[in-house]
>>> print(open('coords_25.txt').read())   # compact mmCIF, C-alpha atoms (C1' of nucleotides)
# COMPACT_ATOMS: atom_id res chain seq x y z
CA MET A 1 0.00 0.00 0.00
CA ASN A 2 2.66 2.47 -0.94
CA ARG A 3 3.00 1.89 -4.63
CA GLN A 4 0.76 3.47 -7.22
CA GLU A 5 -2.30 4.03 -5.16
CA LEU A 6 -3.91 7.26 -6.30
CA SER A 7 -6.75 7.32 -8.76
CA ILE A 8 -6.83 10.21 -11.17
CA GLY A 9 -9.42 11.89 -8.97
CA GLY A 10 -7.14 11.36 -5.99
CA LEU A 11 -4.22 12.90 -7.82
CA ALA A 12 -6.36 15.82 -8.94
CA GLU A 13 -7.48 16.49 -5.42
CA LYS A 14 -3.99 16.19 -3.98
CA THR A 15 -2.57 18.74 -6.41
CA GLY A 16 -5.48 21.07 -6.83
CA SER A 17 -5.80 19.97 -10.43
CA ASN A 18 -8.62 18.80 -12.64
CA VAL A 19 -9.08 15.26 -13.92
CA GLN A 20 -9.47 16.44 -17.49
CA THR A 21 -6.37 18.53 -17.23
CA ILE A 22 -4.34 15.59 -16.01
CA ARG A 23 -5.51 13.53 -18.96
CA TYR A 24 -4.68 16.43 -21.22
CA TYR A 25 -1.18 16.67 -19.77
CA GLU A 26 -0.72 12.95 -20.37
CA GLN A 27 -1.92 13.31 -23.92
CA ILE A 28 0.55 16.07 -24.71
CA GLY A 29 3.35 14.12 -23.07
CA LEU A 30 3.84 16.41 -20.11
CA MET A 31 2.87 13.71 -17.64
CA PRO A 32 4.27 10.21 -18.07
CA LEU A 33 1.89 7.30 -18.59
CA PRO A 34 0.84 5.81 -15.28
CA GLU A 35 0.22 2.22 -14.32
CA ARG A 36 -3.25 0.86 -14.86
CA THR A 37 -5.57 -1.48 -12.95
CA GLU A 38 -7.04 -4.54 -14.55
CA GLY A 39 -10.08 -2.39 -15.16
CA ASN A 40 -7.86 0.05 -17.08
CA GLN A 41 -7.97 2.78 -14.46
CA ARG A 42 -4.94 4.96 -13.94
CA ARG A 43 -3.01 4.63 -10.71
CA TYR A 44 -0.40 7.19 -9.65
CA GLY A 45 2.41 7.23 -7.12
CA GLY A 46 4.70 9.77 -5.50
CA GLU A 47 6.67 10.63 -8.61
CA HIS A 48 3.57 11.60 -10.50
CA VAL A 49 2.35 13.64 -7.56
CA GLN A 50 5.64 15.47 -7.48
CA ARG A 51 5.76 16.07 -11.18
CA LEU A 52 2.23 17.38 -11.32
CA ALA A 53 2.91 19.65 -8.35
CA PHE A 54 5.86 21.07 -10.26
CA ILE A 55 3.71 21.62 -13.32
CA ARG A 56 0.89 23.30 -11.43
CA ASN A 57 3.27 25.47 -9.44
CA ALA A 58 4.90 26.58 -12.64
CA ARG A 59 1.57 27.16 -14.36
CA ASP A 60 0.47 29.26 -11.40
CA LEU A 61 3.56 31.35 -11.96
CA GLY A 62 2.63 31.91 -15.56
CA PHE A 63 5.10 29.59 -17.21
CA SER A 64 3.86 28.16 -20.49
CA ILE A 65 3.60 24.45 -21.00
CA GLU A 66 6.49 24.55 -23.40
CA THR A 67 8.64 26.33 -20.87
CA ILE A 68 7.62 23.88 -18.18
CA THR A 69 8.76 21.05 -20.40
CA THR A 70 12.14 22.73 -20.65
CA LEU A 71 12.31 23.30 -16.91
CA LEU A 72 11.47 19.68 -16.22
CA ASP A 73 14.19 18.56 -18.60
CA LEU A 74 16.68 20.84 -16.89
CA ALA A 75 15.62 19.72 -13.43
CA ALA A 76 16.35 16.13 -14.46
CA LYS A 77 20.02 17.00 -14.90
CA PRO A 78 21.33 17.55 -11.37
CA ASP A 79 24.89 18.44 -12.32
CA ARG A 80 24.13 21.08 -14.91
CA PRO A 81 24.50 24.75 -13.98
CA CYS A 82 21.18 26.36 -13.21
CA ALA A 83 21.88 29.54 -15.16
CA GLU A 84 19.38 28.46 -17.76
CA VAL A 85 16.64 28.18 -15.19
CA ILE A 86 17.42 31.65 -13.94
CA ASP A 87 17.25 32.97 -17.51
CA ILE A 88 13.89 31.38 -18.08
CA ALA A 89 12.47 32.75 -14.85
CA GLU A 90 13.80 36.20 -15.65
CA GLU A 91 12.26 36.14 -19.11
CA ASN A 92 8.97 35.13 -17.60
CA LEU A 93 9.21 37.98 -15.12
CA GLU A 94 9.78 40.34 -18.00
CA VAL A 95 6.70 39.10 -19.81
CA VAL A 96 4.64 39.56 -16.66
CA ARG A 97 5.91 43.11 -16.33
CA GLU A 98 4.96 43.89 -19.90
CA ARG A 99 1.51 42.51 -19.31
CA LEU A 100 1.25 44.62 -16.17
CA ALA A 101 2.15 47.75 -18.10
CA LYS A 102 -0.50 47.00 -20.68
CA LEU A 103 -3.14 46.31 -18.09
CA ARG A 104 -2.30 49.51 -16.26
CA ALA A 105 -2.77 51.50 -19.42
CA LEU A 106 -6.01 49.69 -19.99
CA GLU A 107 -7.19 50.48 -16.48
CA ARG A 108 -6.41 54.12 -16.99
CA ALA A 109 -8.31 54.28 -20.24
CA LEU A 110 -11.30 52.51 -18.78
CA LYS A 111 -11.32 54.66 -15.70
CA HIS A 112 -11.33 57.72 -17.86
CA LEU A 113 -14.08 56.27 -20.00
CA VAL A 114 -16.30 55.46 -17.04
CA ALA A 115 -15.75 58.92 -15.56
CA SER A 116 -16.65 60.62 -18.80
CA CYS A 117 -20.29 59.68 -18.73
CA ASP A 118 -22.75 61.13 -16.24
CA GLY A 119 -25.83 59.29 -17.34
CA GLY A 120 -28.63 60.48 -19.56
CA ARG A 121 -29.75 59.18 -22.90
CA MET A 122 -27.89 56.83 -25.10
CA LYS A 123 -27.57 59.40 -27.85
CA ASP A 124 -25.59 61.62 -25.50
CA CYS A 125 -23.61 58.82 -23.90
CA ARG A 126 -19.98 59.74 -23.68
CA ILE A 127 -18.89 56.10 -23.46
CA ILE A 128 -20.66 55.19 -26.66
CA GLU A 129 -19.22 58.31 -28.25
CA ALA A 130 -15.70 57.44 -27.24
CA LEU A 131 -16.09 53.91 -28.55
CA SER A 132 -17.38 55.33 -31.82
CA ASP A 133 -14.31 57.47 -32.44
CA PRO A 134 -12.69 56.89 -35.80
CA ARG A 135 -9.53 54.83 -35.84
CA ARG A 136 -6.10 56.10 -36.73
CA MET B 137 -18.29 57.18 -55.80
CA ASN B 138 -19.37 57.43 -52.20
CA ARG B 139 -21.35 54.24 -51.72
CA GLN B 140 -19.80 50.96 -50.76
CA GLU B 141 -16.34 51.49 -52.04
CA LEU B 142 -13.92 49.81 -49.68
CA SER B 143 -12.56 46.35 -50.27
CA ILE B 144 -11.99 44.20 -47.24
CA GLY B 145 -8.32 45.10 -47.37
CA GLY B 146 -9.25 48.75 -47.51
CA LEU B 147 -11.51 48.40 -44.51
CA ALA B 148 -8.82 46.51 -42.63
CA GLU B 149 -6.30 49.23 -43.31
CA LYS B 150 -8.68 52.05 -42.39
CA THR B 151 -9.49 50.51 -39.02
CA GLY B 152 -6.21 48.90 -38.10
CA SER B 153 -7.81 45.51 -38.42
CA ASN B 154 -6.97 42.27 -40.15
CA VAL B 155 -8.78 40.84 -43.17
CA GLN B 156 -9.21 37.48 -41.52
CA THR B 157 -10.58 39.11 -38.40
CA ILE B 158 -13.17 41.02 -40.40
CA ARG B 159 -14.32 37.82 -42.04
CA TYR B 160 -14.42 36.20 -38.62
CA TYR B 161 -16.56 39.04 -37.25
CA GLU B 162 -18.91 38.64 -40.18
CA GLN B 163 -19.14 34.90 -39.59
CA ILE B 164 -20.07 35.31 -35.93
CA GLY B 165 -22.58 37.98 -36.83
CA LEU B 166 -20.80 40.87 -35.26
CA MET B 167 -20.40 42.64 -38.58
CA PRO B 168 -23.35 42.80 -40.95
CA LEU B 169 -23.08 41.25 -44.40
CA PRO B 170 -21.70 43.76 -46.89
CA GLU B 171 -22.60 44.27 -50.52
CA ARG B 172 -20.70 42.24 -53.10
CA THR B 173 -19.27 42.91 -56.56
CA GLU B 174 -20.23 40.74 -59.49
CA GLY B 175 -17.00 38.91 -58.77
CA ASN B 176 -18.24 38.22 -55.24
CA GLN B 177 -15.85 40.58 -53.49
CA ARG B 178 -17.03 42.44 -50.42
CA ARG B 179 -17.52 46.15 -50.59
CA TYR B 180 -17.96 48.30 -47.49
CA GLY B 181 -19.24 51.80 -46.80
CA GLY B 182 -19.20 54.29 -43.98
CA GLU B 183 -21.52 52.39 -41.69
CA HIS B 184 -19.31 49.34 -41.73
CA VAL B 185 -16.26 51.51 -41.11
CA GLN B 186 -17.95 53.04 -38.13
CA ARG B 187 -19.15 49.76 -36.72
CA LEU B 188 -15.76 48.12 -37.05
CA ALA B 189 -14.11 51.12 -35.42
CA PHE B 190 -16.48 50.70 -32.48
CA ILE B 191 -15.67 47.02 -32.26
CA ARG B 192 -11.92 47.52 -32.40
CA ASN B 193 -12.00 50.38 -29.92
CA ALA B 194 -13.97 48.23 -27.54
CA ARG B 195 -11.69 45.24 -28.06
CA ASP B 196 -8.72 47.43 -27.34
CA LEU B 197 -10.37 48.30 -24.06
CA GLY B 198 -10.73 44.67 -23.18
CA PHE B 199 -14.43 44.24 -23.79
CA SER B 200 -15.34 40.72 -24.84
CA ILE B 201 -17.11 40.11 -28.10
CA GLU B 202 -20.27 39.21 -26.26
CA THR B 203 -20.17 42.47 -24.35
CA ILE B 204 -19.52 44.39 -27.53
CA THR B 205 -22.61 42.86 -29.04
CA THR B 206 -24.57 44.15 -26.08
CA LEU B 207 -23.04 47.60 -26.33
CA LEU B 208 -23.83 47.80 -30.03
CA ASP B 209 -27.42 46.83 -29.34
CA LEU B 210 -27.66 49.48 -26.67
CA ALA B 211 -26.02 52.11 -28.86
CA ALA B 212 -28.71 51.48 -31.46
CA LYS B 213 -31.37 52.70 -29.05
CA PRO B 214 -30.82 56.44 -28.78
CA ASP B 215 -33.56 57.18 -26.28
CA ARG B 216 -32.69 54.57 -23.72
CA PRO B 217 -30.88 55.63 -20.57
CA CYS B 218 -27.19 54.88 -20.73
CA ALA B 219 -27.00 53.49 -17.20
CA GLU B 220 -26.53 50.03 -18.64
CA VAL B 221 -23.51 51.13 -20.62
CA ILE B 222 -21.99 52.63 -17.51
CA ASP B 223 -22.61 49.39 -15.63
CA ILE B 224 -20.93 47.36 -18.33
CA ALA B 225 -17.93 49.64 -18.45
CA GLU B 226 -17.63 49.57 -14.67
CA GLU B 227 -17.81 45.79 -14.61
CA ASN B 228 -15.10 45.67 -17.19
CA LEU B 229 -12.98 48.02 -15.14
CA GLU B 230 -13.46 45.75 -12.17
CA VAL B 231 -12.32 42.72 -14.16
CA VAL B 232 -9.24 44.60 -15.28
CA ARG B 233 -8.47 45.53 -11.71
CA GLU B 234 -8.76 41.93 -10.61
CA ARG B 235 -6.42 40.87 -13.35
CA LEU B 236 -4.02 43.58 -12.29
CA ALA B 237 -4.07 42.35 -8.72
CA LYS B 238 -3.34 38.81 -9.86
CA LEU B 239 -0.52 39.90 -12.11
CA ARG B 240 0.99 41.97 -9.33
CA ALA B 241 0.98 38.98 -7.04
CA LEU B 242 2.50 36.95 -9.82
CA GLU B 243 5.22 39.52 -10.37
CA ARG B 244 6.03 39.48 -6.69
CA ALA B 245 6.26 35.72 -6.58
CA LEU B 246 8.44 35.59 -9.65
CA LYS B 247 10.68 38.35 -8.42
CA HIS B 248 11.16 36.46 -5.20
CA LEU B 249 11.79 33.26 -7.09
CA VAL B 250 14.41 34.81 -9.33
CA ALA B 251 16.15 36.41 -6.35
CA SER B 252 16.23 33.14 -4.44
CA CYS B 253 18.72 31.45 -6.72
CA ASP B 254 22.33 32.49 -6.90
CA GLY B 255 23.51 30.04 -9.50
CA GLY B 256 25.27 26.77 -9.02
CA ARG B 257 24.19 23.27 -9.84
CA MET B 258 20.72 22.20 -10.75
CA LYS B 259 20.44 19.94 -7.74
CA ASP B 260 20.84 23.00 -5.48
CA CYS B 261 18.72 25.31 -7.60
CA ARG B 262 16.32 27.25 -5.44
CA ILE B 263 13.96 27.93 -8.34
CA ILE B 264 13.60 24.26 -9.13
CA GLU B 265 13.16 23.58 -5.43
CA ALA B 266 10.42 26.13 -5.10
CA LEU B 267 8.63 24.75 -8.13
CA SER B 268 8.88 21.29 -6.61
CA ASP B 269 7.11 22.25 -3.39
CA PRO B 270 4.12 20.07 -2.56
CA ARG B 271 0.71 21.55 -3.23
CA ARG B 272 -1.86 22.51 -0.65
C1' DC C 273 -26.76 -8.13 -6.14
C1' DT C 274 -27.83 -3.14 -6.73
C1' DT C 275 -26.77 1.53 -7.01
C1' DG C 276 -24.40 5.46 -7.79
C1' DA C 277 -20.05 7.61 -8.21
C1' DA C 278 -15.84 7.53 -10.51
C1' DT C 279 -13.38 6.15 -14.36
C1' DC C 280 -12.56 5.43 -19.39
C1' DT C 281 -12.00 7.07 -24.56
C1' DA C 282 -13.27 9.92 -28.19
C1' DT C 283 -14.61 14.09 -29.66
C1' DA C 284 -15.82 18.68 -29.72
C1' DG C 285 -15.97 23.19 -27.72
C1' DT C 286 -14.19 27.68 -25.34
C1' DC C 287 -12.19 32.51 -26.67
C1' DG C 288 -10.48 35.39 -30.16
C1' DC C 289 -8.36 35.09 -33.36
C1' DT C 290 -4.79 33.42 -37.31
C1' DA C 291 -2.95 30.60 -41.10
C1' DT C 292 -3.18 27.96 -45.28
C1' DA C 293 -4.68 25.77 -49.65
C1' DG C 294 -6.45 26.25 -53.93
C1' DC C 295 -9.22 28.90 -56.73
C1' DT C 296 -11.09 33.51 -58.79
C1' DT C 297 -11.11 38.46 -59.50
C1' DG C 298 -9.14 42.96 -60.23
C1' DT C 299 -5.76 46.06 -61.89
C1' DA C 300 -1.73 47.85 -63.97
C1' DG C 301 1.44 47.62 -67.63
C1' DC C 302 2.64 46.24 -72.22
C1' DG D 303 -6.21 41.88 -75.55
C1' DC D 304 -2.64 39.49 -72.79
C1' DT D 305 0.31 38.89 -68.77
C1' DA D 306 1.60 39.11 -64.16
C1' DC D 307 0.83 39.82 -59.70
C1' DA D 308 -1.72 41.22 -55.80
C1' DA D 309 -5.90 40.87 -53.55
C1' DG D 310 -9.95 38.61 -53.05
C1' DC D 311 -12.82 34.20 -52.07
C1' DT D 312 -14.37 29.81 -49.17
C1' DA D 313 -13.34 26.06 -46.36
C1' DT D 314 -10.84 24.23 -42.92
C1' DA D 315 -7.68 23.73 -39.39
C1' DG D 316 -4.67 25.46 -35.90
C1' DC D 317 -3.07 28.30 -31.68
C1' DG D 318 -2.80 27.81 -26.18
C1' DA D 319 -4.55 25.79 -22.27
C1' DC D 320 -7.70 23.88 -21.07
C1' DT D 321 -12.98 22.11 -20.44
C1' DA D 322 -17.31 19.60 -21.40
C1' DT D 323 -20.03 15.78 -22.90
C1' DA D 324 -21.65 11.20 -24.48
C1' DG D 325 -21.88 6.60 -23.78
C1' DA D 326 -19.71 2.79 -21.86
C1' DT D 327 -17.08 0.32 -17.99
C1' DT D 328 -15.23 -0.17 -13.36
C1' DC D 329 -15.25 0.40 -8.49
C1' DA D 330 -16.93 0.49 -3.91
C1' DA D 331 -20.45 0.71 -0.48
C1' DG D 332 -24.74 -1.00 1.28
>>> encode(input="coords_25.txt", output="structure tokens")
Amino acid sequence: MNRQELSIGGLAEKTGSNVQTIRYYEQIGLMPLPERTEGNQRRYGGEHVQRLAFIRNARDLGFSIETITTLLDLAAKPDRPCAEVIDIAEENLEVVRERLAKLRALERALKHLVASCDGGRMKDCRIIEALSDPRR
Amino acid sequence: MNRQELSIGGLAEKTGSNVQTIRYYEQIGLMPLPERTEGNQRRYGGEHVQRLAFIRNARDLGFSIETITTLLDLAAKPDRPCAEVIDIAEENLEVVRERLAKLRALERALKHLVASCDGGRMKDCRIIEALSDPRR
DNA sequence: CTTGAATCTATAGTCGCTATAGCTTGTAGC
DNA sequence: GCTACAAGCTATAGCGACTATAGATTCAAG
């Protein structure tokens, strides 16, 4: 009772994942094939739990699936320098910062838009007007 | 020479859009069907230009296509009160703010992650370690 | 044994686009 | 009128990361 004992639902619960997502990850090769019962049900052990935790942690931090694949490959090589991992994390941080900048600009524009209209009829609506502005 | 005179490429250029996107908008019903030449090419006039400008402006502000459909419907009713438009814009602003909060948290986590590793071997890599933390 | 929940595979959908293949039309230049 | 090339057309599939559903099987509890 310490080998592959988790059903897919059990694994999902343990890692805050979704059953469908786990199947999806298996399909795309991100999660290795698990053992199966005679009834063809998946059974997972500690290594799968760990790997899925890694994946979900990385997803939560905004790493793409492709990047996670790379990170997992790198993590499997204990004697390599971890400079590459640092690079990847830094790139990701940069992307997040760019997204933040864009969202901030968007917030500003929306705030301004909302403030520009004081109610009334649709034909005088400043929001509709602003949205109707010609482009370029 | 002032009726429907713009080709789809012309419309795309005038509104900073993409030909494919315009066709997509037509397919999902967001853009009305235009007139056609004998050779079956689309030809657009001022009303289409205006409508597409509205759509792109709204998309730029993060409104979903569904919401834009609603806004367009509302805009077509000049005597209605524009309270609904204000509500929609405010909701959208709220969504943007939530996304901002999430991204800020993400930036913080990533910043911390990047700072936690000072190079070395993969087996001592603090980033990999952090990603390997158990869930929940 | 029965029942109901969980599991399975296959397939399609979500959101908002974007790309491509193969064919036709339009336009400019000769 | 012919040629060449760009732009147009429809149909279909793909992108990224999931998510849902249908119909069938397995599992576990009573």
>>> residues_around(input="coords_25.txt", residues="B:Leu207", least_positions_apart="5", cutoff="9 Å", atoms="only C-alpha atoms (C1' of nucleotides)", output="PyMOL selection string")
(chain A and resi 128) or (chain B and resi 202+212+220-221+224)
>>> closest_residue(input="coords_25.txt", among="A:Thr15, A:Ile8, A:Arg59, A:Pro32", to="chain D", atoms="only C-alpha atoms (C1' of nucleotides)")
A:Arg59
>>> residues_around(input="coords_25.txt", residues="D:DA309", least_positions_apart="4", cutoff="10 Å", atoms="all atoms listed in the file", output="ChimeraX atom specification")
/B:143-145,177 /C:297-299
>>> atom_distance(input="coords_25.txt", atom1="atom C1' of D:DC320", atom2="atom CA of A:Leu6")
22.6 Å
>>> axis_aligned_box(input="coords_25.txt", around="stretch 177-185 of chain B", padding_each_side="5 Å", output="AutoDock Vina command-line options")
--center_x -18.7 --center_y 47.4 --center_z -47.3 --size_x 15.7 --size_y 23.7 --size_z 22.4
>>> closest_atom_pairs(input="coords_25.txt", of="chain B", to="chain D", cutoff="12 Å", atoms="only C-alpha atoms (C1' of nucleotides)", output="CSV")
residue,atom,partner,partner_atom,distance
B:Ser143,CA,D:DG310,C1',8.6
B:Ile144,CA,D:DG310,C1',8.3
B:Gly145,CA,D:DA309,C1',7.9
B:Gly146,CA,D:DA309,C1',10.5
B:Val155,CA,D:DG310,C1',10.2
B:Gln156,CA,D:DG310,C1',11.6
B:Arg159,CA,D:DT312,C1',10.7
B:Gln163,CA,D:DT312,C1',11.9
B:Arg172,CA,D:DC311,C1',11.3
B:Thr173,CA,D:DG310,C1',10.8
B:Gly175,CA,D:DG310,C1',9.1
B:Asn176,CA,D:DC311,C1',7.5
B:Gln177,CA,D:DG310,C1',6.2
B:Arg178,CA,D:DG310,C1',8.5
B:Arg179,CA,D:DG310,C1',11.0
>>> closest_atom_pairs(input="coords_25.txt", of="chain C", to="chain B", cutoff="10 Å", atoms="only C-alpha atoms (C1' of nucleotides)", output="JSON lines")
{"residue": "C:DC287", "atom": "C1'", "partner": "B:Ser200", "partner_atom": "CA", "distance": 9.0}
{"residue": "C:DG288", "atom": "C1'", "partner": "B:Ile201", "partner_atom": "CA", "distance": 8.4}
{"residue": "C:DC289", "atom": "C1'", "partner": "B:Thr157", "partner_atom": "CA", "distance": 6.8}
{"residue": "C:DT290", "atom": "C1'", "partner": "B:Gln156", "partner_atom": "CA", "distance": 7.3}
{"residue": "C:DA291", "atom": "C1'", "partner": "B:Gln156", "partner_atom": "CA", "distance": 9.3}
{"residue": "C:DT296", "atom": "C1'", "partner": "B:Gly175", "partner_atom": "CA", "distance": 8.0}
{"residue": "C:DT297", "atom": "C1'", "partner": "B:Gly175", "partner_atom": "CA", "distance": 6.0}
{"residue": "C:DG298", "atom": "C1'", "partner": "B:Gly175", "partner_atom": "CA", "distance": 9.0}
>>> closest_residue(input="coords_25.txt", among="B:Phe190, B:Thr203, B:Asp223, B:Glu234", to="chain A", atoms="all atoms listed in the file")
B:Phe190
>>> closest_residue(input="coords_25.txt", among="A:Ala115, A:Leu131, A:Leu52, A:Ile28", to="chain B", atoms="only C-alpha atoms")
A:Leu131
>>> residues_around(input="coords_25.txt", residues="A:Ala83", least_positions_apart="6", cutoff="9 Å", atoms="all atoms listed in the file", output="PyMOL selection string")
chain B and resi 254-258
>>> atom_distance(input="coords_25.txt", atom1="atom CA of B:Thr206", atom2="atom CA of B:Glu149")
25.6 Å
>>> atom_distance(input="coords_25.txt", atom1="atom CA of B:Ile222", atom2="atom CA of B:Glu183")
24.2 Å
>>> residues_around(input="coords_25.txt", residues="B:Ile263", least_positions_apart="4", cutoff="7 Å", atoms="all atoms listed in the file", output="count of residues only")
5
>>> residues_around(input="coords_25.txt", residues="B:Leu246", least_positions_apart="3", cutoff="9 Å", atoms="all atoms listed in the file", output="PyMOL selection string")
(chain A and resi 61+89-90+92-93+96) or (chain B and resi 241-243+249-251)
>>> closest_residue(input="coords_25.txt", among="A:Ala101, A:Glu26, A:His112, A:Ala53", to="chain B", atoms="all atoms listed in the file")
A:Ala53
>>> decode(input="coords_25.txt", residues="stretch 308-325 of chain D", atoms="N, CA and C atoms (P, O5', C5', C4', C3', O3' and C1' of nucleotides)", output="short mmCIF file (atom, residue, chain, number, x, y, z; two decimals), in the first residue's frame")
data_model
loop_
_atom_site.label_atom_id
_atom_site.label_comp_id
_atom_site.auth_asym_id
_atom_site.auth_seq_id
_atom_site.Cartn_x
_atom_site.Cartn_y
_atom_site.Cartn_z
P DA D 308 3.04 40.38 -56.09
"O5'" DA D 308 1.98 41.29 -55.32
"C5'" DA D 308 1.55 42.51 -55.92
"C4'" DA D 308 0.07 42.74 -55.64
"C3'" DA D 308 -0.36 42.35 -54.22
"O3'" DA D 308 -1.19 43.37 -53.73
"C1'" DA D 308 -1.72 41.22 -55.80
P DA D 309 -1.58 43.37 -52.20
"O5'" DA D 309 -3.13 43.04 -52.25
"C5'" DA D 309 -3.97 43.80 -53.12
"C4'" DA D 309 -5.30 43.09 -53.27
"C3'" DA D 309 -5.87 42.59 -51.93
"O3'" DA D 309 -7.19 43.08 -51.80
"C1'" DA D 309 -5.90 40.87 -53.55
P DG D 310 -8.00 42.83 -50.47
"O5'" DG D 310 -9.03 41.71 -50.91
"C5'" DG D 310 -10.02 42.01 -51.90
"C4'" DG D 310 -10.61 40.73 -52.44
"C3'" DG D 310 -11.16 39.80 -51.35
"O3'" DG D 310 -12.55 40.00 -51.16
"C1'" DG D 310 -9.95 38.61 -53.05
P DC D 311 -13.26 39.17 -50.03
"O5'" DC D 311 -13.38 37.70 -50.66
"C5'" DC D 311 -14.29 37.45 -51.73
"C4'" DC D 311 -14.35 35.96 -52.02
"C3'" DC D 311 -14.62 35.12 -50.77
"O3'" DC D 311 -16.01 34.88 -50.65
"C1'" DC D 311 -12.82 34.20 -52.07
P DT D 312 -16.52 34.35 -49.25
"O5'" DT D 312 -16.26 32.78 -49.29
"C5'" DT D 312 -16.78 32.01 -50.37
"C4'" DT D 312 -16.33 30.58 -50.22
"C3'" DT D 312 -16.73 29.96 -48.89
"O3'" DT D 312 -17.25 28.66 -49.14
"C1'" DT D 312 -14.37 29.81 -49.17
P DA D 313 -17.95 27.85 -47.96
"O5'" DA D 313 -16.79 26.84 -47.55
"C5'" DA D 313 -16.05 26.19 -48.58
"C4'" DA D 313 -14.94 25.37 -47.93
"C3'" DA D 313 -15.33 24.77 -46.58
"O3'" DA D 313 -14.94 23.41 -46.57
"C1'" DA D 313 -13.34 26.06 -46.36
P DT D 314 -15.33 22.49 -45.31
"O5'" DT D 314 -13.96 22.43 -44.53
"C5'" DT D 314 -12.74 22.33 -45.27
"C4'" DT D 314 -11.58 22.59 -44.34
"C3'" DT D 314 -11.81 22.07 -42.92
"O3'" DT D 314 -10.83 21.08 -42.65
"C1'" DT D 314 -10.84 24.23 -42.92
P DA D 315 -10.88 20.25 -41.27
"O5'" DA D 315 -9.49 20.65 -40.61
"C5'" DA D 315 -8.39 20.97 -41.46
"C4'" DA D 315 -7.40 21.81 -40.68
"C3'" DA D 315 -7.27 21.40 -39.21
"O3'" DA D 315 -5.90 21.30 -38.91
"C1'" DA D 315 -7.68 23.73 -39.39
P DG D 316 -5.44 20.65 -37.53
"O5'" DG D 316 -4.56 21.83 -36.92
"C5'" DG D 316 -3.82 22.65 -37.82
"C4'" DG D 316 -3.41 23.90 -37.09
"C3'" DG D 316 -3.14 23.65 -35.61
"O3'" DG D 316 -1.88 24.19 -35.26
"C1'" DG D 316 -4.67 25.46 -35.90
P DC D 317 -1.22 23.83 -33.89
"O5'" DC D 317 -1.35 25.20 -33.09
"C5'" DC D 317 -0.90 26.39 -33.70
"C4'" DC D 317 -1.15 27.53 -32.74
"C3'" DC D 317 -1.03 27.08 -31.30
"O3'" DC D 317 0.04 27.78 -30.68
"C1'" DC D 317 -3.07 28.30 -31.68
P DG D 318 0.89 27.00 -29.62
"O5'" DG D 318 0.17 27.38 -28.25
"C5'" DG D 318 0.10 28.74 -27.84
"C4'" DG D 318 -0.72 28.79 -26.58
"C3'" DG D 318 -0.51 27.60 -25.65
"O3'" DG D 318 -0.38 28.10 -24.34
"C1'" DG D 318 -2.80 27.81 -26.18
P DA D 319 0.33 27.18 -23.25
"O5'" DA D 319 -0.95 26.77 -22.40
"C5'" DA D 319 -1.71 27.79 -21.76
"C4'" DA D 319 -3.02 27.21 -21.31
"C3'" DA D 319 -2.89 25.84 -20.62
"O3'" DA D 319 -3.66 25.87 -19.44
"C1'" DA D 319 -4.55 25.79 -22.27
P DC D 320 -3.43 24.85 -18.28
"O5'" DC D 320 -4.11 23.50 -18.80
"C5'" DC D 320 -5.43 23.16 -18.40
"C4'" DC D 320 -6.47 24.00 -19.10
"C3'" DC D 320 -7.89 23.63 -18.68
"O3'" DC D 320 -8.47 24.72 -17.98
"C1'" DC D 320 -7.70 23.88 -21.07
P DT D 321 -9.59 24.32 -16.91
"O5'" DT D 321 -10.83 23.81 -17.77
"C5'" DT D 321 -11.62 24.74 -18.49
"C4'" DT D 321 -12.75 24.02 -19.17
"C3'" DT D 321 -13.47 22.99 -18.30
"O3'" DT D 321 -14.84 23.38 -18.26
"C1'" DT D 321 -12.98 22.11 -20.44
P DA D 322 -15.87 22.58 -17.40
"O5'" DA D 322 -16.75 21.86 -18.51
"C5'" DA D 322 -17.18 22.62 -19.63
"C4'" DA D 322 -17.94 21.71 -20.57
"C3'" DA D 322 -18.80 20.65 -19.86
"O3'" DA D 322 -20.06 20.62 -20.51
"C1'" DA D 322 -17.31 19.60 -21.40
P DT D 323 -21.26 19.84 -19.87
"O5'" DT D 323 -21.49 18.67 -20.92
"C5'" DT D 323 -21.33 18.97 -22.30
"C4'" DT D 323 -21.37 17.67 -23.08
"C3'" DT D 323 -22.19 16.58 -22.40
"O3'" DT D 323 -22.96 15.92 -23.39
"C1'" DT D 323 -20.03 15.78 -22.90
P DA D 324 -24.27 15.10 -22.94
"O5'" DA D 324 -24.24 13.89 -23.97
"C5'" DA D 324 -23.50 14.02 -25.19
"C4'" DA D 324 -23.09 12.64 -25.65
"C3'" DA D 324 -23.94 11.52 -25.04
"O3'" DA D 324 -24.17 10.52 -26.01
"C1'" DA D 324 -21.65 11.20 -24.48
P DG D 325 -25.44 9.54 -25.80
"O5'" DG D 325 -24.72 8.13 -25.63
"C5'" DG D 325 -23.67 7.79 -26.54
"C4'" DG D 325 -22.79 6.73 -25.90
"C3'" DG D 325 -23.56 5.67 -25.10
"O3'" DG D 325 -22.98 4.41 -25.40
"C1'" DG D 325 -21.88 6.60 -23.78
#
